[in-house]
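To start, the structure itself, in C-alpha cells.
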Amino acid sequence: MERIVYADYLRVIGILGVIGVHLSGDYLSKTALFSGIWLQGVLYSSLTRSGVLLFIMVSGLLLLDRPQSIDKIPHRIERVMTPFIFWILIYLLKYVFIDKTIAVTSAYEFLVQFVNCILNPSIISEEFWYIYMIIGFYLMLPILYKWISNTPEKEIKYFLIVWFIILTLSYLNVDIMLLKYVNLFTGHLGFFILGYYLNKTDSKYSNSILLGAILFILGTLIIFLSIYIPTLMSNQLNLNYIGIENLAPGHVLKAMGIFLIVKNIDFKNVFGSRTESVNSIILKFAEISYGLYLIHLLVPIRMIYNVNISPFINVPILIAIIVIVVSALLLIMNRIPILKKFTGMKN
C-alpha cells in the first residue's frame, strides 16, 4: 500500500496530544480555580485533547481502504498485545516495588494482580482503554471492510450524521429510551469510519483548510467551556462534561478540524527542498508512537514538574524530555533481538 504521508503527521500530533493532556492535568487539579495559571491549564488541556481520536481515525483511513481477511486478525492482535503485556508487567513492578502503591505479599498475589491488570488495564492507567478498543475494531475489520467497500458515500454520511446526533444526545444526558437500542451508532466506531470517509471523499469541504481551522477552534472552545462552565457552576473542578473517553461533540469537531488541516497541507510548499528529510523524520517518529503511548507515563518527570510555570512553557519542555528519553530507550531495545518485539515498532 502506498504510504499516506499526512497519516504519519496525524499520528505524531496524536501522541504529542496524548502526552500533553496528561501533563496538563495537574494545572487543573493543583492550582487555584479560575486563577490565570488555572485558565492557561484549561486552555492547554483543551488544545491537546483528542489525540487518541486521531489514532483511531488514522487506523480507519489505513485499514478500511484495503481488503481485510480473518487470517490477519491474530497477527494484528499480537502486534498490539505483545508490547502491551510486557509494559503492563513493567508498570506493575514499578508500582509494587518502587512506588509501593500496589501491595502484594507473595508471588501468587503478584501473578493474580498481573492478570487483573491485563484484563483491566485501568488499574495501571485509565488511558489504556484505547488498547482494547482498537482490538475490538480489529475483530470487526473483515465485516466492516465488506460493508464500507460496498456502501455508497450517501449511506456512509448517513451513518456519521446519525452517530454524531446519538453521541450528542448521550453527551447531554437526554433521557430517550431509543438511545439504549442504537448500539451500532454509539462509541468510537464513528471515529474509525470518519477517518476513512474524510480520506476518501473529495469535495470543497473535505479539501478545505479553512473549514478545518474553524472546526478546530470551535471544538477547542466547546471543550474549554465544558470544563469552565460546570466548574464555575459547582465552584469545584468538574470534568463530567469532558466526555467519557473523548466521546463528546467538541472532541469530534476538533479531531475533524486537525484531520482536515493536516490532510490538505502542501508539505512541499511548507518545507521546500527539506520536505523529504522532514517527512522521513516524521515517519520515524510515527513508528515509535505506539511505544511512546505505552511508556511515557513511566518517565519520572514529576521531580521537575512545576505548575507555577505556564503550561505553554513547562509542558512542551517536559514533552521534549519524555520523547527524547523514550525514543532512545525504544531505539536501543529495537537493536536487541529479544527486546525488539516489545517496542511496538514494525520490524
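Following the order of the C-alpha cells, first chain is A, next is B, and so on, with residues numbered from 1 inside each chain and ligands from 1 in the order they appear.
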
Query raised in the report: So which residues touch Ser122 (chain A) within 12 Å, counting only C-alpha atoms, skipping near sequence neighbours fewer than 6 positions away, as a list in words?
Result: Ile88, Tyr91, Leu92, Asn116, Phe128, Trp129, Tyr130, Ile131 and Tyr132 of chain A

For N, CA and C atoms, I'd like the residues from the last selection saved as a PDB file, in the first residue's frame.
ATOM      1  N   ILE A  88       2.833  -3.597  30.720  1.00  0.00           N
ATOM      2  CA  ILE A  88       1.972  -3.746  31.898  1.00  0.00           C
ATOM      3  C   ILE A  88       2.768  -4.363  33.039  1.00  0.00           C
ATOM      4  N   TYR A  91       5.110  -1.704  34.462  1.00  0.00           N
ATOM      5  CA  TYR A  91       4.346  -0.775  35.310  1.00  0.00           C
ATOM      6  C   TYR A  91       4.051  -1.406  36.664  1.00  0.00           C
ATOM      7  N   LEU A  92       3.604  -2.653  36.629  1.00  0.00           N
ATOM      8  CA  LEU A  92       3.238  -3.331  37.878  1.00  0.00           C
ATOM      9  C   LEU A  92       4.456  -3.477  38.788  1.00  0.00           C
ATOM     10  N   ASN A 116      -4.982  -9.420  36.505  1.00  0.00           N
ATOM     11  CA  ASN A 116      -6.034  -8.413  36.669  1.00  0.00           C
ATOM     12  C   ASN A 116      -5.713  -7.149  35.876  1.00  0.00           C
ATOM     13  N   PHE A 128      -5.362   3.415  29.044  1.00  0.00           N
ATOM     14  CA  PHE A 128      -5.131   2.182  28.295  1.00  0.00           C
ATOM     15  C   PHE A 128      -6.424   1.549  27.772  1.00  0.00           C
ATOM     16  N   TRP A 129      -7.573   2.221  27.954  1.00  0.00           N
ATOM     17  CA  TRP A 129      -8.813   1.750  27.342  1.00  0.00           C
ATOM     18  C   TRP A 129      -8.645   1.631  25.827  1.00  0.00           C
ATOM     19  N   TYR A 130      -7.782   2.469  25.268  1.00  0.00           N
ATOM     20  CA  TYR A 130      -7.590   2.506  23.813  1.00  0.00           C
ATOM     21  C   TYR A 130      -7.143   1.150  23.265  1.00  0.00           C
ATOM     22  N   ILE A 131      -6.350   0.415  24.045  1.00  0.00           N
ATOM     23  CA  ILE A 131      -5.801  -0.849  23.568  1.00  0.00           C
ATOM     24  C   ILE A 131      -6.915  -1.834  23.224  1.00  0.00           C
ATOM     25  N   TYR A 132      -7.857  -2.010  24.150  1.00  0.00           N
ATOM     26  CA  TYR A 132      -8.923  -2.984  23.901  1.00  0.00           C
ATOM     27  C   TYR A 132      -9.957  -2.455  22.923  1.00  0.00           C
TER      28      TYR A 132
END

Requested in this report: May I have all residues of region 127-246 of chain A that DSSP, computed from the backbone, assigns to helix (DSSP H, G or I), given as a PyMOL selection string?
Outcome: chain A and resi 127-149+153-171+177-181+183-185+189-200+209-234+244-246

Near Leu139 (chain A), counting only C-alpha atoms, which residues have an atom at most 7 Å away, once you skip same-chain residues fewer than 3 positions from it, shown as a compact mmCIF listing (two decimals) with N, CA and C atoms, in the first residue's frame?
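Okay, result-v2.txt is ready:
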# COMPACT_ATOMS: atom_id res chain seq x y z
N ILE A 73 -6.20 -11.28 11.50
CA ILE A 73 -6.59 -10.78 12.82
C ILE A 73 -5.61 -11.20 13.92
N ILE A 135 -8.45 -3.28 19.53
CA ILE A 135 -8.54 -4.73 19.30
C ILE A 135 -9.97 -5.10 18.90
N GLY A 136 -10.94 -4.46 19.53
CA GLY A 136 -12.33 -4.68 19.15
C GLY A 136 -12.57 -4.36 17.68

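Within 12 Å of region 105-107 of chain A, once only C-alpha atoms are used and residues closer than 6 positions along the same chain are dropped, the contacting residues are Leu93, Val96, Phe97, Gln113 and Phe114 of chain A.
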
Could you write out that same residue set with N, CA and C atoms as a CSV table (one decimal), in the first residue's frame?
chain,number,residue,atom,x,y,z
A,93,LEU,N,5.6,-3.9,38.2
A,93,LEU,CA,6.8,-3.9,39.0
A,93,LEU,C,7.2,-2.6,39.7
A,96,VAL,N,4.6,-1.8,42.5
A,96,VAL,CA,4.8,-2.7,43.7
A,96,VAL,C,6.1,-2.5,44.4
A,97,PHE,N,7.2,-2.4,43.7
A,97,PHE,CA,8.5,-2.3,44.4
A,97,PHE,C,9.1,-1.0,44.5
A,113,GLN,N,-2.5,-10.2,40.4
A,113,GLN,CA,-2.6,-8.8,40.1
A,113,GLN,C,-2.1,-8.5,38.7
A,114,PHE,N,-1.1,-9.2,38.2
A,114,PHE,CA,-0.7,-9.0,36.8
A,114,PHE,C,-1.8,-9.4,35.8

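Closest approach to Gly17 (chain A) among A:Ala255, A:Met233, A:Met303, A:Leu247 is made by A:Ala255 (distances from only C-alpha atoms).
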
So that each row is one residue of region 228-311 of chain A with an atom at most 12 Å from region 198-206 of chain A, can you give its shortest atom pair and the distance in Å to one decimal, using only C-alpha atoms, rows by chain and rising number, as a tab-separated table?
residue	atom	partner	partner_atom	distance
A:Ala255	CA	A:Leu198	CA	11.3
A:Met256	CA	A:Leu198	CA	8.3
A:Gly257	CA	A:Ser206	CA	10.0
A:Ile258	CA	A:Leu198	CA	11.4
A:Phe259	CA	A:Leu198	CA	8.0
A:Leu260	CA	A:Ser206	CA	6.5
A:Ile261	CA	A:Ser206	CA	9.5
A:Val262	CA	A:Asn199	CA	11.0
A:Lys263	CA	A:Asn199	CA	7.8
A:Asn264	CA	A:Ser206	CA	8.4

Could the residues in this selection be saved with C-alpha atoms as a PDB file, in the first residue's frame?
ATOM      1  CA  ALA A 255     -10.394  15.939  15.661  1.00  0.00           C
ATOM      2  CA  MET A 256     -12.110  16.581  12.312  1.00  0.00           C
ATOM      3  CA  GLY A 257     -10.502  20.024  12.186  1.00  0.00           C
ATOM      4  CA  ILE A 258      -6.994  18.704  12.780  1.00  0.00           C
ATOM      5  CA  PHE A 259      -7.564  15.913  10.246  1.00  0.00           C
ATOM      6  CA  LEU A 260      -8.707  18.309   7.519  1.00  0.00           C
ATOM      7  CA  ILE A 261      -5.905  20.801   8.171  1.00  0.00           C
ATOM      8  CA  VAL A 262      -3.165  18.172   8.011  1.00  0.00           C
ATOM      9  CA  LYS A 263      -4.744  16.320   5.085  1.00  0.00           C
ATOM     10  CA  ASN A 264      -4.801  19.459   2.947  1.00  0.00           C
TER      11      ASN A 264
END

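Around Asn246 (chain A), within 9 Å and counting only C-alpha atoms, the residues found are Arg49, Ser50, Val52, Leu53, His188, Ile242, Gly250, His251 and Val252 of chain A, once anything fewer than 4 positions away on its own chain is removed.
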
List the spatial neighbours of Thr82 (chain A) as a PDB file with N, CA and C atoms, in the first residue's frame - criterion: any atom at most 10 Å away, only C-alpha atoms, same-chain residues fewer than 6 positions off excluded.
ATOM      1  N   LYS A 341      10.628  -6.925  19.960  1.00  0.00           N
ATOM      2  CA  LYS A 341       9.204  -7.177  19.771  1.00  0.00           C
ATOM      3  C   LYS A 341       8.347  -6.452  20.814  1.00  0.00           C
ATOM      4  N   PHE A 342       8.996  -5.872  21.844  1.00  0.00           N
ATOM      5  CA  PHE A 342       8.264  -5.139  22.866  1.00  0.00           C
ATOM      6  C   PHE A 342       8.235  -3.628  22.634  1.00  0.00           C
ATOM      7  N   THR A 343       8.814  -3.173  21.520  1.00  0.00           N
ATOM      8  CA  THR A 343       8.887  -1.740  21.259  1.00  0.00           C
ATOM      9  C   THR A 343       7.612  -1.188  20.616  1.00  0.00           C
ATOM     10  N   GLY A 344       6.818  -2.065  20.013  1.00  0.00           N
ATOM     11  CA  GLY A 344       5.635  -1.605  19.288  1.00  0.00           C
ATOM     12  C   GLY A 344       5.956  -1.112  17.896  1.00  0.00           C
TER      13      GLY A 344
END

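When CA of Ser310 (chain A) is paired with CA of Leu218 (chain A), their separation reads 23.3 Å.
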
**Report entry** Selected residue, from A:Gly41, A:Leu294, A:Pro300, A:Ser125, that lies nearest to Met81 (chain A) when counting only C-alpha atoms
**Finding:** A:Leu294

Report task. Considering only C-alpha atoms, return as a list in words whatever protein or nucleic-acid residues lie within 9 Å of Gly291 (chain A), sequence-local ones (same chain, fewer than 2 positions apart) excluded. Result -> Pro83, Phe84, Glu287, Ile288, Ser289, Tyr293, Leu294, Ile295, His296, Val326, Ser327, Leu330, Phe342, Thr343, Gly344 and Met345 of chain A

Let me see the file: selected residues, C-alpha atoms, as a tab-separated table (two decimals), in the first residue's frame.
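Once written, part.tsv looks like this:
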chain	number	residue	atom	x	y	z
A	83	PRO	CA	4.34	-4.95	23.82
A	84	PHE	CA	1.26	-4.01	25.85
A	287	GLU	CA	6.79	4.46	14.01
A	288	ILE	CA	7.55	4.87	17.72
A	289	SER	CA	4.21	6.49	18.57
A	293	TYR	CA	1.92	5.79	24.19
A	294	LEU	CA	2.71	2.73	26.28
A	295	ILE	CA	5.84	4.03	28.04
A	296	HIS	CA	5.55	7.79	28.52
A	326	VAL	CA	11.56	7.10	25.41
A	327	SER	CA	12.85	7.34	21.83
A	330	LEU	CA	12.99	2.21	22.11
A	342	PHE	CA	8.26	-5.14	22.87
A	343	THR	CA	8.89	-1.74	21.26
A	344	GLY	CA	5.63	-1.60	19.29
A	345	MET	CA	7.66	-0.78	16.17

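Of the listed residues A:Asn235, A:Leu64, A:Ile85, A:Val174, the one whose atoms come nearest to Lys146 (chain A) is A:Leu64, with distances taken using only C-alpha atoms.
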